$ cat start-v3.pdb   # PDB, C-alpha atoms
ATOM      1  CA  MET A 197     -19.789  -8.939  18.597  1.00  0.00           C
ATOM      2  CA  ILE A 198     -23.075 -10.806  18.248  1.00  0.00           C
ATOM      3  CA  ILE A 199     -24.241  -9.681  21.682  1.00  0.00           C
ATOM      4  CA  SER A 200     -23.194  -6.126  20.885  1.00  0.00           C
ATOM      5  CA  THR A 201     -25.161  -6.195  17.638  1.00  0.00           C
ATOM      6  CA  VAL A 202     -28.249  -7.631  19.334  1.00  0.00           C
ATOM      7  CA  LEU A 203     -28.095  -4.884  21.974  1.00  0.00           C
ATOM      8  CA  LEU A 204     -27.448  -2.102  19.466  1.00  0.00           C
ATOM      9  CA  VAL A 205     -30.437  -2.816  17.201  1.00  0.00           C
ATOM     10  CA  PRO A 206     -33.104  -1.744  19.740  1.00  0.00           C
ATOM     11  CA  THR A 207     -30.827   1.057  20.938  1.00  0.00           C
ATOM     12  CA  LEU A 208     -30.650   2.423  17.393  1.00  0.00           C
ATOM     13  CA  TYR A 209     -34.436   2.295  17.167  1.00  0.00           C
ATOM     14  CA  LEU A 210     -34.724   4.262  20.386  1.00  0.00           C
ATOM     15  CA  ALA A 211     -32.172   6.801  19.148  1.00  0.00           C
ATOM     16  CA  ALA A 212     -34.036   7.229  15.838  1.00  0.00           C
ATOM     17  CA  TRP A 213     -37.370   7.581  17.602  1.00  0.00           C
ATOM     18  CA  LEU A 214     -36.056  10.152  20.096  1.00  0.00           C
ATOM     19  CA  THR A 215     -33.913  12.296  17.821  1.00  0.00           C
ATOM     20  CA  LEU A 216     -35.489  12.328  14.353  1.00  0.00           C
ATOM     21  CA  PRO A 217     -38.658  14.137  13.263  1.00  0.00           C
ATOM     22  CA  GLU A 218     -41.744  12.164  12.264  1.00  0.00           C
ATOM     23  CA  ARG A 219     -41.082  12.778   8.575  1.00  0.00           C
ATOM     24  CA  LEU A 220     -37.751  13.125   6.800  1.00  0.00           C
ATOM     25  CA  ILE A 221     -38.545  15.155   3.699  1.00  0.00           C
ATOM     26  CA  GLY A 222     -36.233  15.525   0.714  1.00  0.00           C
ATOM     27  CA  LEU A 223     -33.754  12.804   1.612  1.00  0.00           C
ATOM     28  CA  ALA A 224     -35.012   9.958  -0.545  1.00  0.00           C
ATOM     29  CA  GLU A 225     -35.299   9.840  -4.312  1.00  0.00           C
ATOM     30  CA  HIS A 226     -38.643  10.424  -6.056  1.00  0.00           C
ATOM     31  CA  ASN A 227     -39.946  12.653  -3.240  1.00  0.00           C
ATOM     32  CA  VAL A 228     -40.602   9.733  -0.901  1.00  0.00           C
ATOM     33  CA  GLU A 229     -41.362  10.881   2.607  1.00  0.00           C
ATOM     34  CA  ALA A 230     -39.256   8.732   4.876  1.00  0.00           C
ATOM     35  CA  THR A 231     -39.749   8.095   8.573  1.00  0.00           C
ATOM     36  CA  PRO A 232     -37.373   7.454  11.456  1.00  0.00           C
ATOM     37  CA  VAL A 233     -38.085   3.755  10.941  1.00  0.00           C
ATOM     38  CA  ALA A 234     -36.400   3.993   7.529  1.00  0.00           C
ATOM     39  CA  ALA A 235     -33.355   5.552   9.200  1.00  0.00           C
ATOM     40  CA  TRP A 236     -33.369   2.745  11.759  1.00  0.00           C
ATOM     41  CA  VAL A 237     -33.599   0.118   8.999  1.00  0.00           C
ATOM     42  CA  CYS A 238     -30.621   1.665   7.194  1.00  0.00           C
ATOM     43  CA  SER A 239     -28.437   1.806  10.300  1.00  0.00           C
ATOM     44  CA  SER A 240     -29.524  -1.640  11.510  1.00  0.00           C
ATOM     45  CA  LEU A 241     -28.868  -3.145   8.094  1.00  0.00           C
ATOM     46  CA  GLY A 242     -25.391  -1.625   8.189  1.00  0.00           C
ATOM     47  CA  LEU A 243     -24.869  -3.003  11.677  1.00  0.00           C
ATOM     48  CA  VAL A 244     -25.910  -6.523  10.694  1.00  0.00           C
ATOM     49  CA  SER A 245     -23.871  -6.342   7.480  1.00  0.00           C
ATOM     50  CA  GLY A 246     -20.819  -5.337   9.478  1.00  0.00           C
ATOM     51  CA  LEU A 247     -21.365  -8.291  11.789  1.00  0.00           C
ATOM     52  CA  VAL A 248     -21.722 -10.742   8.887  1.00  0.00           C
ATOM     53  CA  ILE A 249     -18.612  -9.342   7.207  1.00  0.00           C
ATOM     54  CA  GLY A 250     -16.704  -9.648  10.488  1.00  0.00           C
ATOM     55  CA  LEU A 251     -17.831 -13.235  10.999  1.00  0.00           C
ATOM     56  CA  PHE A 252     -16.823 -14.213   7.467  1.00  0.00           C
ATOM     57  CA  THR A 253     -13.479 -12.509   7.927  1.00  0.00           C
ATOM     58  CA  GLU A 254     -12.957 -14.525  11.102  1.00  0.00           C
ATOM     59  CA  TYR A 255     -13.923 -17.721   9.277  1.00  0.00           C
ATOM     60  CA  TYR A 256     -11.485 -17.179   6.415  1.00  0.00           C
ATOM     61  CA  THR A 257      -8.546 -15.936   8.523  1.00  0.00           C
ATOM     62  CA  SER A 258      -8.625 -17.940  11.760  1.00  0.00           C
ATOM     63  CA  HIS A 259      -6.656 -21.144  12.187  1.00  0.00           C
ATOM     64  CA  SER A 260      -9.662 -22.564  14.024  1.00  0.00           C
ATOM     65  CA  TYR A 261     -11.594 -23.022  10.776  1.00  0.00           C
ATOM     66  CA  GLU A 262     -11.093 -25.192   7.714  1.00  0.00           C
ATOM     67  CA  PRO A 263     -10.050 -22.644   5.026  1.00  0.00           C
ATOM     68  CA  VAL A 264      -6.818 -21.734   6.812  1.00  0.00           C
ATOM     69  CA  ARG A 265      -6.107 -25.386   7.578  1.00  0.00           C
ATOM     70  CA  GLU A 266      -6.613 -26.300   3.907  1.00  0.00           C
ATOM     71  CA  LEU A 267      -4.245 -23.498   2.912  1.00  0.00           C
ATOM     72  CA  ALA A 268      -1.656 -24.824   5.362  1.00  0.00           C
ATOM     73  CA  ARG A 269      -2.031 -28.323   3.897  1.00  0.00           C
ATOM     74  CA  SER A 270      -1.554 -26.923   0.391  1.00  0.00           C
ATOM     75  CA  CYS A 271       1.854 -25.590   1.481  1.00  0.00           C
ATOM     76  CA  GLU A 272       3.106 -29.175   1.818  1.00  0.00           C
ATOM     77  CA  THR A 273       2.994 -29.717  -1.948  1.00  0.00           C
ATOM     78  CA  GLY A 274       4.995 -26.639  -2.906  1.00  0.00           C
ATOM     79  CA  ALA A 275       5.022 -22.898  -3.323  1.00  0.00           C
ATOM     80  CA  ALA A 276       3.004 -22.836  -6.553  1.00  0.00           C
ATOM     81  CA  THR A 277       0.127 -24.759  -4.996  1.00  0.00           C
ATOM     82  CA  ASN A 278       0.239 -22.444  -2.011  1.00  0.00           C
ATOM     83  CA  ILE A 279       0.072 -19.323  -4.180  1.00  0.00           C
ATOM     84  CA  ILE A 280      -2.719 -20.654  -6.409  1.00  0.00           C
ATOM     85  CA  TYR A 281      -4.809 -21.919  -3.503  1.00  0.00           C
ATOM     86  CA  GLY A 282      -4.162 -18.759  -1.492  1.00  0.00           C
ATOM     87  CA  LEU A 283      -5.336 -16.533  -4.352  1.00  0.00           C
ATOM     88  CA  ALA A 284      -8.412 -18.692  -4.904  1.00  0.00           C
ATOM     89  CA  LEU A 285      -9.251 -18.656  -1.208  1.00  0.00           C
ATOM     90  CA  GLY A 286      -8.713 -14.896  -1.038  1.00  0.00           C
ATOM     91  CA  ASN A 287     -11.059 -14.333  -3.973  1.00  0.00           C
ATOM     92  CA  LEU A 288     -13.665 -16.666  -2.497  1.00  0.00           C
ATOM     93  CA  SER A 289     -13.552 -14.897   0.851  1.00  0.00           C
ATOM     94  CA  THR A 290     -14.763 -11.648  -0.725  1.00  0.00           C
ATOM     95  CA  VAL A 291     -18.008 -12.970  -2.219  1.00  0.00           C
ATOM     96  CA  ILE A 292     -20.290 -12.699   0.820  1.00  0.00           C
ATOM     97  CA  PRO A 293     -18.881  -9.327   2.004  1.00  0.00           C
ATOM     98  CA  ILE A 294     -19.388  -7.841  -1.483  1.00  0.00           C
ATOM     99  CA  PHE A 295     -22.984  -9.065  -1.615  1.00  0.00           C
ATOM    100  CA  MET A 296     -23.653  -7.714   1.879  1.00  0.00           C
ATOM    101  CA  LEU A 297     -22.195  -4.309   0.979  1.00  0.00           C
ATOM    102  CA  ALA A 298     -24.176  -4.184  -2.273  1.00  0.00           C
ATOM    103  CA  LEU A 299     -27.435  -5.198  -0.588  1.00  0.00           C
ATOM    104  CA  THR A 300     -26.928  -2.699   2.213  1.00  0.00           C
ATOM    105  CA  ALA A 301     -26.097   0.131  -0.173  1.00  0.00           C
ATOM    106  CA  PHE A 302     -29.048  -0.675  -2.457  1.00  0.00           C
ATOM    107  CA  VAL A 303     -31.675  -0.928   0.283  1.00  0.00           C
ATOM    108  CA  SER A 304     -30.335   2.136   2.084  1.00  0.00           C
ATOM    109  CA  PHE A 305     -30.307   4.191  -1.121  1.00  0.00           C
ATOM    110  CA  VAL A 306     -33.874   3.171  -1.967  1.00  0.00           C
ATOM    111  CA  LEU A 307     -35.065   4.123   1.522  1.00  0.00           C
ATOM    112  CA  LEU A 308     -33.224   7.397   2.153  1.00  0.00           C
ATOM    113  CA  GLY A 309     -30.884   8.108  -0.729  1.00  0.00           C
ATOM    114  CA  MET A 310     -27.329   9.070   0.139  1.00  0.00           C
ATOM    115  CA  PHE A 311     -28.385   9.826   3.725  1.00  0.00           C
ATOM    116  CA  GLY A 312     -29.414   6.176   4.057  1.00  0.00           C
ATOM    117  CA  ILE A 313     -26.031   5.011   2.784  1.00  0.00           C
ATOM    118  CA  ALA A 314     -24.336   7.296   5.327  1.00  0.00           C
ATOM    119  CA  LEU A 315     -26.496   5.820   8.104  1.00  0.00           C
ATOM    120  CA  ALA A 316     -25.649   2.287   6.957  1.00  0.00           C
ATOM    121  CA  ALA A 317     -21.941   3.139   7.019  1.00  0.00           C
ATOM    122  CA  LEU A 318     -22.309   4.468  10.551  1.00  0.00           C
ATOM    123  CA  GLY A 319     -24.168   1.282  11.442  1.00  0.00           C
ATOM    124  CA  MET A 320     -21.221  -0.761  10.193  1.00  0.00           C
ATOM    125  CA  LEU A 321     -18.940   1.276  12.436  1.00  0.00           C
ATOM    126  CA  ALA A 322     -21.268   1.232  15.468  1.00  0.00           C
ATOM    127  CA  ASN A 323     -19.592  -1.651  17.256  1.00  0.00           C
ATOM    128  CA  LEU A 324     -16.112  -0.979  15.912  1.00  0.00           C
ATOM    129  CA  SER A 325     -14.901   0.048  19.353  1.00  0.00           C
ATOM    130  CA  LEU A 326     -15.853  -3.368  20.739  1.00  0.00           C
ATOM    131  CA  GLY A 327     -14.070  -5.128  17.880  1.00  0.00           C
ATOM    132  CA  LEU A 328     -10.933  -3.086  18.450  1.00  0.00           C
ATOM    133  CA  ALA A 329     -11.057  -3.792  22.178  1.00  0.00           C
ATOM    134  CA  ILE A 330     -11.383  -7.526  21.491  1.00  0.00           C
ATOM    135  CA  ASP A 331      -8.440  -7.421  19.070  1.00  0.00           C
ATOM    136  CA  ALA A 332      -6.281  -5.412  21.479  1.00  0.00           C
ATOM    137  CA  TYR A 333      -6.981  -7.547  24.560  1.00  0.00           C
ATOM    138  CA  GLY A 334      -4.941 -10.568  23.451  1.00  0.00           C
ATOM    139  CA  PRO A 335      -1.635  -8.825  22.641  1.00  0.00           C
ATOM    140  CA  VAL A 336      -1.865  -6.566  25.700  1.00  0.00           C
ATOM    141  CA  SER A 337      -2.436  -9.476  28.079  1.00  0.00           C
ATOM    142  CA  ASP A 338       0.272 -11.556  26.348  1.00  0.00           C
ATOM    143  CA  ASN A 339       2.779  -8.717  26.726  1.00  0.00           C
ATOM    144  CA  ALA A 340       1.861  -8.234  30.360  1.00  0.00           C
ATOM    145  CA  GLY A 341       2.329 -11.959  30.991  1.00  0.00           C
ATOM    146  CA  GLY A 342       5.709 -11.910  29.220  1.00  0.00           C
ATOM    147  CA  ILE A 343       6.914  -8.949  31.273  1.00  0.00           C
ATOM    148  CA  ALA A 344       5.796 -10.621  34.484  1.00  0.00           C
ATOM    149  CA  GLU A 345       7.595 -13.799  33.479  1.00  0.00           C
ATOM    150  CA  MET A 346      10.834 -11.944  32.629  1.00  0.00           C
ATOM    151  CA  CYS A 347      10.715 -10.217  36.026  1.00  0.00           C
ATOM    152  CA  SER A 348      10.422 -13.642  37.739  1.00  0.00           C
ATOM    153  CA  MET A 349       7.090 -12.659  39.233  1.00  0.00           C
ATOM    154  CA  GLY A 350       4.572 -15.259  40.302  1.00  0.00           C
ATOM    155  CA  GLU A 351       1.403 -16.145  38.508  1.00  0.00           C
TER     156      GLU A 351
END

$ encode --input "start-v3.pdb" --output "structure tokens"
Amino acid sequence: MIISTVLLVPTLYLAAWLTLPERLIGLAEHNVEATPVAAWVCSSLGLVSGLVIGLFTEYYTSHSYEPVRELARSCETGAATNIIYGLALGNLSTVIPIFMLALTAFVSFVLLGMFGIALAALGMLANLSLGLAIDAYGPVSDNAGGIAEMCSMGE
């Protein structure tokens, strides 16, 4: 995802430069004349925000990191501790994504109004296909390995 984001930022600049006119009139508030660079900033900010949100989601939901391990340890003391700690951890895990969404929406709205927010949303979805492919690869390969094993096939 990081490599995809790094590759998409200059690609988005090239797309904005090639496809948008030199001035975008009437899109921003207060009659600000915006440029394709403003559109690129909005979409790139959305792209980076999506990456940060994805990384924080991975941190708070993967067994490889401490929050999930702490939640598992809290289960040893009883159900009430598990519920309380789980709710607290769930609330804590939303802080950074909310700030990233708010920052992205604010900056995008200042630059290009609602069009900027739409570009930022598209930026957040720009590498969604890669994320879905990453998420689908594990179960598909596990199922294929299980089928091969049940059929007594070799490695």

$ atom_distance --input "start-v3.pdb" --atom1 "CA of Leu285 (chain A)" --atom2 "CA of Thr257 (chain A)"
10.1 Å

$ resolve_selection --input "start-v3.pdb" --expression "the PyMOL selection byres ((chain A and resi 290-296) around 9)" --output "PyMOL selection string"
chain A and resi 242+245-246+248-250+252-253+285-289+297-301

$ write_last_selection --input "start-v3.pdb" --atoms "C-alpha atoms" --output "PDB file, in the coordinates of the input"
ATOM      1  CA  GLY A 242     -25.391  -1.625   8.189  1.00  0.00           C
ATOM      2  CA  SER A 245     -23.871  -6.342   7.480  1.00  0.00           C
ATOM      3  CA  GLY A 246     -20.819  -5.337   9.478  1.00  0.00           C
ATOM      4  CA  VAL A 248     -21.722 -10.742   8.887  1.00  0.00           C
ATOM      5  CA  ILE A 249     -18.612  -9.342   7.207  1.00  0.00           C
ATOM      6  CA  GLY A 250     -16.704  -9.648  10.488  1.00  0.00           C
ATOM      7  CA  PHE A 252     -16.823 -14.213   7.467  1.00  0.00           C
ATOM      8  CA  THR A 253     -13.479 -12.509   7.927  1.00  0.00           C
ATOM      9  CA  LEU A 285      -9.251 -18.656  -1.208  1.00  0.00           C
ATOM     10  CA  GLY A 286      -8.713 -14.896  -1.038  1.00  0.00           C
ATOM     11  CA  ASN A 287     -11.059 -14.333  -3.973  1.00  0.00           C
ATOM     12  CA  LEU A 288     -13.665 -16.666  -2.497  1.00  0.00           C
ATOM     13  CA  SER A 289     -13.552 -14.897   0.851  1.00  0.00           C
ATOM     14  CA  LEU A 297     -22.195  -4.309   0.979  1.00  0.00           C
ATOM     15  CA  ALA A 298     -24.176  -4.184  -2.273  1.00  0.00           C
ATOM     16  CA  LEU A 299     -27.435  -5.198  -0.588  1.00  0.00           C
ATOM     17  CA  THR A 300     -26.928  -2.699   2.213  1.00  0.00           C
ATOM     18  CA  ALA A 301     -26.097   0.131  -0.173  1.00  0.00           C
TER      19      ALA A 301
END

$ closest_residue --input "start-v3.pdb" --among "A:Leu204, A:Leu267, A:Ala235, A:Phe305" --to "Leu326 (chain A)" --atoms "all atoms listed in the file"
A:Leu204

$ atom_distance --input "start-v3.pdb" --atom1 "CA of Val264 (chain A)" --atom2 "CA of Gly282 (chain A)"
9.2 Å

$ atom_distance --input "start-v3.pdb" --atom1 "CA of Ser239 (chain A)" --atom2 "CA of Leu315 (chain A)"
5.0 Å

$ residues_around --input "start-v3.pdb" --residues "Val233 (chain A)" --least-positions-apart "5" --cutoff "10 Å" --atoms "all atoms listed in the file" --output "list in words"
Leu208, Tyr209, Ala212, Trp213, Leu216, Glu218, Arg219, Cys238, Ser239 and Leu307 of chain A

$ write_last_selection --input "start-v3.pdb" --atoms "C-alpha atoms" --output "compact mmCIF listing (two decimals), in the frame of the given file"
# COMPACT_ATOMS: atom_id res chain seq x y z
CA LEU A 208 -30.65 2.42 17.39
CA TYR A 209 -34.44 2.30 17.17
CA ALA A 212 -34.04 7.23 15.84
CA TRP A 213 -37.37 7.58 17.60
CA LEU A 216 -35.49 12.33 14.35
CA GLU A 218 -41.74 12.16 12.26
CA ARG A 219 -41.08 12.78 8.57
CA CYS A 238 -30.62 1.66 7.19
CA SER A 239 -28.44 1.81 10.30
CA LEU A 307 -35.06 4.12 1.52

$ closest_residue --input "start-v3.pdb" --among "A:Met349, A:Phe302, A:Ile198, A:Ala344" --to "Gly327 (chain A)" --atoms "only C-alpha atoms"
A:Ile198
